[in-house]
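Reading through the structure tokens given below for one structure.
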Amino acid sequence: MDILMKPIYLDHHATTPLDPRVFTAMEPYFKERFGNASSATHPYGWQAADAVDKARDQVAKLIGAKSKEIIFTSGATESNNLALFGVSKNIKNEPQHIITTQVEHPSVLRTAEELQEQGVEVTYLPVTSQGQIELSALENSIKPHTKLISVIFANNEIGTINPAKEIGAIAKKHGIIFHADAAQAVGKVKIDVEALGIDLLSISAHKIYGPKGIGAIYIRSSNPRIKLKPQMFGASQERSIRPGTLNVPGIIGLGKACDIYELDMETEEFRLKALRDKLEFGLRQGIDNITINGHPSERLSVNLNVSFAGVQHDMLLQNLAGLAVSSGAACSSAAAKISHVLKAIGVSDELARGTIRFAIGRFTTTEEIERAVEIVTTAIKKCREASTFHMQR
Ligand SMILES: *Cc1c(COP(=O)(O)O)cnc(C)c1O
């Protein structure tokens, strides 16, 4: 791709570029340090195992966990599957009920649906118009056989942050396991699994400037000790909870990605929020009739999900070719493709088709934000003129 044609990347909820520091940390493990971390008889194996131990410490530290509570997986999709299946399949000959929400990532929603087909009762809690679950509704939905509460920590579309601590307290009070999909929250929200009462937590490296295809699940080891039924079987890697030869370079990358947040999370948060606010301010100045979706304060600092009234989906996307962003609908006509998250917070199908998700990131510059405001402002003007023109005819 020609550098001049490269759209401005504002889609950091979808994935993030690899941080060069992460790449540097990983590189030797693709080359001379190629050992299998399970090889206990020679230095190649020891070197890999030591590096994996260090990475495990780095991941654990970022979320206030113990190293032995971190199990490496292929990403948050696998971690979410392992959390839901792992809890459910560990329970034999008992009725089961799982509570989750309508705004989960598909890797939780589809897994819950699969369990439902297998006889598990599932409640999909609605959310407020700002995207948060309601604690009273959560508590009211608890049944004697509720085994798991699975709630997205921070939403990948509208950025809304859920009250994890309050959810954790409710779960604890009723003796229910609490799983949080934190793929978007890690590194952006201060997470302490002890303080928040989280029992299971899903992490993805590629959402935090690490490599794709690697992630982790935190599994509480005490108060209470959580047991998951493995969903893969093999040798004894990851205490047999997730067997398979470890993805050593990926694990080193995930560890390094977590370590970077330990260093500069707060200053970075401040900078990102300022850029996001600049984007919002710029759009509001140039365009009327816009709605910001999500929670006004309990929202990820990188997120801006905006609905523009009176624009046609296809034309909007055509005019936003200079930006790499996501939209609220997969295509203009099929209602089935409208974002389930926007639906859940009450955005109409028509408005969802005029919705753009911006997510800024570590390497986003002020100039890129200024350029993005220009591109969007011009695009919306053009789209609205076209639709007025269309109506007058
Ligand atoms: C990206 C994402 C996932 C899936 O993570 P992968 O590592 O890509 O499998 C799950 N949940 C949320 C909230 C996400 O944003």
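Labeling convention for the structure tokens: chains A, B, ... as they appear, residues from 1 per chain, ligands from 1 in order of appearance.
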Next on the checklist: Run DSSP on the backbone and tell me which residues of region 215-310 of chain A come out as alpha helix (DSSP H); list them as an MDAnalysis selection string.
Outcome noted: chainID A and resid 248:286
Checklist entry - Skipping near chain neighbours, those fewer than 4 positions away, what residues fall within 8 Å of region 372-387 of chain A using only C-alpha atoms, listed as a list in words? => result Ile8, Leu279, Gly282, Leu283, Gly286, Ile287, Phe308, Gly310, Val311, Gln312, Met315, Leu316, Asn319, Leu320, Gly322, Leu323, Glu368 and Met391 of chain A
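Distances to ligand 1 were evaluated for A:Val22, A:Leu201, A:Cys258, A:Ile219 using only C-alpha atoms and all ligand atoms, and the minimum falls at A:Leu201.
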Item to check | Who sits within 12 Å of Phe270 (chain A), only C-alpha atoms, same chain under 4 positions skipped, as a PyMOL selection string | outcome: chain A and resi 188+264-266+274-277+300-302+362
Tell me, counting only C-alpha atoms and all ligand atoms, for each residue of chain A within 10 Å of ligand 1, which pair of atoms is nearest and how far apart they are in Å to one decimal, in rows ordered by chain and increasing number, as CSV.
residue,atom,partner,partner_atom_place_in_ligand_line,distance
A:His12,CA,ligand 1,15 (O),9.6
A:His13,CA,ligand 1,15 (O),6.1
A:Ala14,CA,ligand 1,1 (C),6.2
A:Thr15,CA,ligand 1,1 (C),7.2
A:Thr73,CA,ligand 1,7 (O),9.0
A:Ser74,CA,ligand 1,7 (O),6.8
A:Gly75,CA,ligand 1,7 (O),3.5
A:Ala76,CA,ligand 1,5 (O),3.8
A:Thr77,CA,ligand 1,9 (O),3.6
A:Glu78,CA,ligand 1,9 (O),6.3
A:Ser79,CA,ligand 1,9 (O),7.9
A:Asn80,CA,ligand 1,10 (C),7.3
A:Asn81,CA,ligand 1,9 (O),9.8
A:Val103,CA,ligand 1,13 (C),9.5
A:Glu104,CA,ligand 1,13 (C),7.0
A:His105,CA,ligand 1,11 (N),4.9
A:Pro106,CA,ligand 1,10 (C),7.4
A:Ser107,CA,ligand 1,10 (C),6.1
A:Val108,CA,ligand 1,11 (N),7.6
A:Val151,CA,ligand 1,13 (C),9.8
A:Ile152,CA,ligand 1,13 (C),6.4
A:Phe153,CA,ligand 1,13 (C),7.7
A:Ala154,CA,ligand 1,13 (C),6.8
A:Asn155,CA,ligand 1,13 (C),5.8
A:Asn156,CA,ligand 1,15 (O),4.8
A:Glu157,CA,ligand 1,15 (O),8.2
A:Gly159,CA,ligand 1,13 (C),9.5
A:Ala180,CA,ligand 1,13 (C),9.4
A:Asp181,CA,ligand 1,11 (N),5.8
A:Ala182,CA,ligand 1,13 (C),6.3
A:Ala183,CA,ligand 1,12 (C),4.7
A:Gln184,CA,ligand 1,15 (O),5.1
A:Ala185,CA,ligand 1,13 (C),8.1
A:Ser202,CA,ligand 1,10 (C),7.7
A:Ile203,CA,ligand 1,7 (O),7.2
A:Ser204,CA,ligand 1,7 (O),4.3
A:Ala205,CA,ligand 1,7 (O),6.6
A:His206,CA,ligand 1,7 (O),6.5
A:Lys207,CA,ligand 1,1 (C),6.5
A:Pro211,CA,ligand 1,7 (O),9.5
A:Lys212,CA,ligand 1,7 (O),6.8
A:Gly213,CA,ligand 1,7 (O),6.3
A:Ile214,CA,ligand 1,7 (O),6.6
A:Gly215,CA,ligand 1,7 (O),6.1
A:Ala216,CA,ligand 1,7 (O),8.9
Taking 4 positions as the minimum chain separation for residues in the same chain, which residues sit within 6 Å of region 222-235 of chain A when counting only C-alpha atoms? Answer as a compact mmCIF listing (two decimals) with N, CA and C atoms, in the first residue's frame.
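Below you can see out13.txt, which holds the result:
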# COMPACT_ATOMS: atom_id res chain seq x y z
N GLY A 86 -15.65 -24.03 30.49
CA GLY A 86 -14.87 -24.60 31.60
C GLY A 86 -15.64 -24.65 32.90
N VAL A 87 -16.42 -23.61 33.17
CA VAL A 87 -17.24 -23.59 34.38
C VAL A 87 -18.40 -24.58 34.21
N LYS A 89 -18.93 -27.16 32.13
CA LYS A 89 -18.64 -28.60 31.96
C LYS A 89 -18.07 -29.22 33.23
N ASN A 90 -17.71 -28.37 34.17
CA ASN A 90 -17.20 -28.87 35.45
C ASN A 90 -18.34 -29.27 36.39
N ILE A 241 -4.59 -27.28 31.79
CA ILE A 241 -5.83 -26.52 31.57
C ILE A 241 -5.89 -26.10 30.10
N PRO A 243 -3.41 -27.34 27.17
CA PRO A 243 -2.21 -27.99 26.65
C PRO A 243 -1.86 -27.52 25.24
Do a neighbour search on region 160-164 of chain A at 7 Å with only C-alpha atoms, toss out local chain neighbours closer than 2 positions, and write the hits as an mmCIF file with N, CA, C and O atoms, in the first residue's frame.
data_model
loop_
_atom_site.group_PDB
_atom_site.id
_atom_site.type_symbol
_atom_site.label_atom_id
_atom_site.label_comp_id
_atom_site.auth_asym_id
_atom_site.auth_seq_id
_atom_site.Cartn_x
_atom_site.Cartn_y
_atom_site.Cartn_z
ATOM 1 N N GLY A 131 -25.344 1.812 28.052
ATOM 2 C CA GLY A 131 -24.601 0.575 27.840
ATOM 3 C C GLY A 131 -24.138 -0.175 29.081
ATOM 4 O O GLY A 131 -23.400 -1.155 28.960
ATOM 5 N N GLN A 132 -24.552 0.278 30.254
ATOM 6 C CA GLN A 132 -24.135 -0.426 31.480
ATOM 7 C C GLN A 132 -25.203 -1.415 31.931
ATOM 8 O O GLN A 132 -26.389 -1.195 31.720
ATOM 9 N N ILE A 133 -24.778 -2.470 32.624
ATOM 10 C CA ILE A 133 -25.780 -3.348 33.201
ATOM 11 C C ILE A 133 -26.337 -2.669 34.452
ATOM 12 O O ILE A 133 -25.703 -1.793 35.049
ATOM 13 N N PHE A 153 -16.118 -6.172 30.489
ATOM 14 C CA PHE A 153 -15.583 -5.138 31.383
ATOM 15 C C PHE A 153 -15.736 -3.770 30.709
ATOM 16 O O PHE A 153 -16.314 -2.846 31.289
ATOM 17 N N ALA A 154 -15.226 -3.666 29.496
ATOM 18 C CA ALA A 154 -15.390 -2.429 28.722
ATOM 19 C C ALA A 154 -15.801 -2.834 27.320
ATOM 20 O O ALA A 154 -15.192 -3.728 26.728
ATOM 21 N N ASN A 155 -16.831 -2.172 26.811
ATOM 22 C CA ASN A 155 -17.412 -2.591 25.534
ATOM 23 C C ASN A 155 -16.540 -2.203 24.334
ATOM 24 O O ASN A 155 -16.013 -1.101 24.270
ATOM 25 N N ILE A 158 -18.988 0.678 22.045
ATOM 26 C CA ILE A 158 -19.335 1.988 22.597
ATOM 27 C C ILE A 158 -18.436 2.378 23.777
ATOM 28 O O ILE A 158 -18.575 3.474 24.320
ATOM 29 N N GLU A 166 -18.853 -3.673 41.808
ATOM 30 C CA GLU A 166 -20.202 -3.923 42.318
ATOM 31 C C GLU A 166 -20.714 -5.285 41.835
ATOM 32 O O GLU A 166 -21.372 -6.001 42.591
ATOM 33 N N ILE A 167 -20.384 -5.622 40.599
ATOM 34 C CA ILE A 167 -20.791 -6.935 40.071
ATOM 35 C C ILE A 167 -20.077 -8.033 40.866
ATOM 36 O O ILE A 167 -20.683 -9.030 41.273
ATOM 37 N N GLY A 168 -18.794 -7.811 41.119
ATOM 38 C CA GLY A 168 -18.004 -8.779 41.891
ATOM 39 C C GLY A 168 -18.586 -9.003 43.278
ATOM 40 O O GLY A 168 -18.648 -10.138 43.763
ATOM 41 N N LEU A 196 -11.465 -6.080 42.821
ATOM 42 C CA LEU A 196 -12.713 -6.084 42.061
ATOM 43 C C LEU A 196 -13.522 -7.368 42.243
ATOM 44 O O LEU A 196 -14.658 -7.457 41.776
ATOM 45 N N GLY A 294 -22.875 5.558 24.178
ATOM 46 C CA GLY A 294 -22.089 5.078 25.307
ATOM 47 C C GLY A 294 -22.283 5.957 26.522
ATOM 48 O O GLY A 294 -23.143 6.834 26.533
ATOM 49 N N HIS A 295 -21.469 5.733 27.530
ATOM 50 C CA HIS A 295 -21.610 6.455 28.790
ATOM 51 C C HIS A 295 -20.796 7.747 28.748
ATOM 52 O O HIS A 295 -19.671 7.745 28.276
ATOM 53 N N GLU A 298 -18.217 6.997 32.215
ATOM 54 C CA GLU A 298 -17.692 5.639 32.364
ATOM 55 C C GLU A 298 -17.465 5.031 30.981
ATOM 56 O O GLU A 298 -18.180 4.117 30.552
ATOM 57 N N ARG A 299 -16.496 5.598 30.297
ATOM 58 C CA ARG A 299 -16.231 5.169 28.928
ATOM 59 C C ARG A 299 -14.728 5.179 28.679
ATOM 60 O O ARG A 299 -14.025 6.046 29.205
ATOM 61 N N LEU A 300 -14.246 4.236 27.877
ATOM 62 C CA LEU A 300 -12.824 4.180 27.553
ATOM 63 C C LEU A 300 -12.376 5.497 26.937
ATOM 64 O O LEU A 300 -13.067 6.052 26.081
#
Sorted by chain and rising residue number, which residues of region 46-102 of chain A lie within 12 Å of region 35-42 of chain A, and what are their closest atom pairs and distances in Å to one decimal, counting only C-alpha atoms, as a Markdown table?
| residue | atom | partner | partner_atom | distance |
| --- | --- | --- | --- | --- |
| A:Trp46 | CA | A:Ala40 | CA | 6.4 |
| A:Gln47 | CA | A:Gly35 | CA | 7.2 |
| A:Ala48 | CA | A:Ala37 | CA | 4.8 |
| A:Ala49 | CA | A:Ala37 | CA | 4.4 |
| A:Asp50 | CA | A:Ala37 | CA | 8.1 |
| A:Ala51 | CA | A:Ala37 | CA | 8.7 |
| A:Val52 | CA | A:Ala37 | CA | 7.5 |
| A:Asp53 | CA | A:Ala37 | CA | 9.7 |
Next on the checklist: What's the separation between CA of Leu125 (chain A) and CA of Gln102 (chain A), in Å to one decimal place?
Outcome noted: 5.8 Å
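The space between CA of Tyr261 (chain A) and CA of Lys172 (chain A) spans 29.0 Å.
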Checklist entry - In region 13-234 of chain A, what's strand (DSSP E) per DSSP? Answer as a ChimeraX atom specification? => result /A:70-73,97-101,121-125,146-152,177-181,200-204,215-219
Can you write just those residues out, N, CA, C and O atoms, as a CSV table (one decimal), in the first residue's frame?
chain,number,residue,atom,x,y,z
A,70,ILE,N,-2.3,-17.2,35.9
A,70,ILE,CA,-2.3,-16.8,34.5
A,70,ILE,C,-2.1,-18.0,33.6
A,70,ILE,O,-1.1,-18.7,33.7
A,71,ILE,N,-3.1,-18.3,32.7
A,71,ILE,CA,-2.9,-19.4,31.7
A,71,ILE,C,-3.0,-18.8,30.3
A,71,ILE,O,-3.8,-18.0,30.0
A,72,PHE,N,-1.9,-19.1,29.5
A,72,PHE,CA,-1.9,-18.6,28.2
A,72,PHE,C,-2.8,-19.3,27.2
A,72,PHE,O,-2.9,-20.5,27.3
A,73,THR,N,-3.5,-18.5,26.4
A,73,THR,CA,-4.4,-19.1,25.4
A,73,THR,C,-4.1,-18.4,24.0
A,73,THR,O,-3.1,-17.7,23.9
A,97,HIS,N,-27.5,-22.3,35.5
A,97,HIS,CA,-28.0,-21.0,34.9
A,97,HIS,C,-26.8,-20.0,34.8
A,97,HIS,O,-26.0,-20.0,35.8
A,98,ILE,N,-26.7,-19.4,33.7
A,98,ILE,CA,-25.6,-18.4,33.5
A,98,ILE,C,-26.2,-17.1,33.2
A,98,ILE,O,-27.2,-17.0,32.5
A,99,ILE,N,-25.7,-16.0,33.7
A,99,ILE,CA,-26.1,-14.7,33.5
A,99,ILE,C,-25.1,-13.9,32.7
A,99,ILE,O,-23.9,-13.9,33.1
A,100,THR,N,-25.5,-13.4,31.5
A,100,THR,CA,-24.6,-12.5,30.8
A,100,THR,C,-25.4,-11.3,30.3
A,100,THR,O,-26.4,-11.0,30.8
A,101,THR,N,-24.8,-10.6,29.3
A,101,THR,CA,-25.5,-9.4,28.9
A,101,THR,C,-25.8,-9.4,27.4
A,101,THR,O,-25.2,-10.2,26.6
A,121,GLU,N,-29.5,-23.0,31.1
A,121,GLU,CA,-30.4,-21.8,31.1
A,121,GLU,C,-29.5,-20.5,31.1
A,121,GLU,O,-28.5,-20.4,31.8
A,122,VAL,N,-29.8,-19.6,30.2
A,122,VAL,CA,-29.0,-18.4,30.1
A,122,VAL,C,-29.9,-17.2,30.1
A,122,VAL,O,-30.9,-17.1,29.5
A,123,THR,N,-29.5,-16.2,30.9
A,123,THR,CA,-30.2,-14.9,30.9
A,123,THR,C,-29.3,-13.9,30.2
A,123,THR,O,-28.1,-13.7,30.6
A,124,TYR,N,-29.8,-13.2,29.2
A,124,TYR,CA,-29.1,-12.1,28.6
A,124,TYR,C,-29.6,-10.8,29.1
A,124,TYR,O,-30.7,-10.3,28.6
A,125,LEU,N,-29.0,-10.2,30.0
A,125,LEU,CA,-29.5,-9.0,30.6
A,125,LEU,C,-29.4,-7.8,29.7
A,125,LEU,O,-28.5,-7.6,28.9
A,146,THR,N,-27.8,-20.5,39.7
A,146,THR,CA,-26.9,-19.6,38.9
A,146,THR,C,-25.5,-20.0,39.2
A,146,THR,O,-25.1,-19.9,40.4
A,147,LYS,N,-24.7,-20.3,38.2
A,147,LYS,CA,-23.3,-20.7,38.4
A,147,LYS,C,-22.3,-19.7,38.0
A,147,LYS,O,-21.1,-19.7,38.4
A,148,LEU,N,-22.7,-18.8,37.0
A,148,LEU,CA,-21.7,-17.9,36.4
A,148,LEU,C,-22.3,-16.6,36.0
A,148,LEU,O,-23.4,-16.6,35.5
A,149,ILE,N,-21.6,-15.5,36.3
A,149,ILE,CA,-22.0,-14.2,35.8
A,149,ILE,C,-20.9,-13.8,34.8
A,149,ILE,O,-19.7,-13.7,35.3
A,150,SER,N,-21.1,-13.6,33.6
A,150,SER,CA,-20.1,-13.2,32.6
A,150,SER,C,-20.5,-11.8,32.0
A,150,SER,O,-21.5,-11.7,31.3
A,151,VAL,N,-19.7,-10.8,32.3
A,151,VAL,CA,-20.0,-9.4,31.9
A,151,VAL,C,-18.8,-8.8,31.3
A,151,VAL,O,-17.6,-8.9,31.8
A,152,ILE,N,-19.0,-8.1,30.1
A,152,ILE,CA,-17.9,-7.5,29.4
A,152,ILE,C,-17.4,-6.3,30.3
A,152,ILE,O,-18.2,-5.5,30.8
A,177,ILE,N,-19.6,-17.5,40.4
A,177,ILE,CA,-18.3,-17.2,39.8
A,177,ILE,C,-18.5,-16.0,38.8
A,177,ILE,O,-19.5,-15.9,38.1
A,178,PHE,N,-17.6,-15.0,38.9
A,178,PHE,CA,-17.6,-13.8,38.1
A,178,PHE,C,-16.5,-13.8,37.0
A,178,PHE,O,-15.4,-13.8,37.4
A,179,HIS,N,-16.9,-13.9,35.8
A,179,HIS,CA,-16.0,-13.7,34.6
A,179,HIS,C,-16.2,-12.4,34.0
A,179,HIS,O,-17.3,-12.0,33.7
A,180,ALA,N,-15.0,-11.7,33.7
A,180,ALA,CA,-15.1,-10.5,33.0
A,180,ALA,C,-14.2,-10.6,31.7
A,180,ALA,O,-13.1,-11.0,31.7
A,181,ASP,N,-14.8,-10.2,30.6
A,181,ASP,CA,-14.1,-10.2,29.3
A,181,ASP,C,-13.4,-8.8,29.3
A,181,ASP,O,-14.1,-7.8,29.1
A,200,LEU,N,-12.5,-14.8,37.0
A,200,LEU,CA,-12.0,-15.2,35.7
A,200,LEU,C,-11.9,-14.0,34.8
A,200,LEU,O,-12.8,-13.2,34.8
A,201,LEU,N,-10.8,-13.8,34.1
A,201,LEU,CA,-10.7,-12.6,33.3
A,201,LEU,C,-9.9,-12.9,32.0
A,201,LEU,O,-8.9,-13.6,32.0
A,202,SER,N,-10.5,-12.4,30.9
A,202,SER,CA,-10.0,-12.7,29.6
A,202,SER,C,-9.1,-11.5,29.1
A,202,SER,O,-9.5,-10.4,29.2
A,203,ILE,N,-8.0,-11.9,28.5
A,203,ILE,CA,-7.0,-10.9,28.0
A,203,ILE,C,-6.7,-11.2,26.5
A,203,ILE,O,-6.5,-12.4,26.2
A,204,SER,N,-6.5,-10.2,25.7
A,204,SER,CA,-6.0,-10.4,24.3
A,204,SER,C,-4.8,-9.5,24.1
A,204,SER,O,-4.8,-8.3,24.3
A,215,GLY,N,-3.2,-14.7,24.0
A,215,GLY,CA,-3.9,-14.1,25.0
A,215,GLY,C,-3.8,-14.9,26.3
A,215,GLY,O,-2.9,-15.7,26.4
A,216,ALA,N,-4.6,-14.6,27.3
A,216,ALA,CA,-4.5,-15.3,28.6
A,216,ALA,C,-5.8,-15.3,29.3
A,216,ALA,O,-6.7,-14.5,28.9
A,217,ILE,N,-6.0,-16.2,30.2
A,217,ILE,CA,-7.1,-16.1,31.1
A,217,ILE,C,-6.6,-16.2,32.5
A,217,ILE,O,-5.7,-17.0,32.8
A,218,TYR,N,-7.1,-15.3,33.3
A,218,TYR,CA,-6.8,-15.3,34.8
A,218,TYR,C,-7.8,-16.2,35.4
A,218,TYR,O,-9.0,-16.1,35.2
A,219,ILE,N,-7.3,-17.1,36.2
A,219,ILE,CA,-8.1,-18.1,37.0
A,219,ILE,C,-7.8,-18.0,38.5
A,219,ILE,O,-6.7,-18.4,38.9
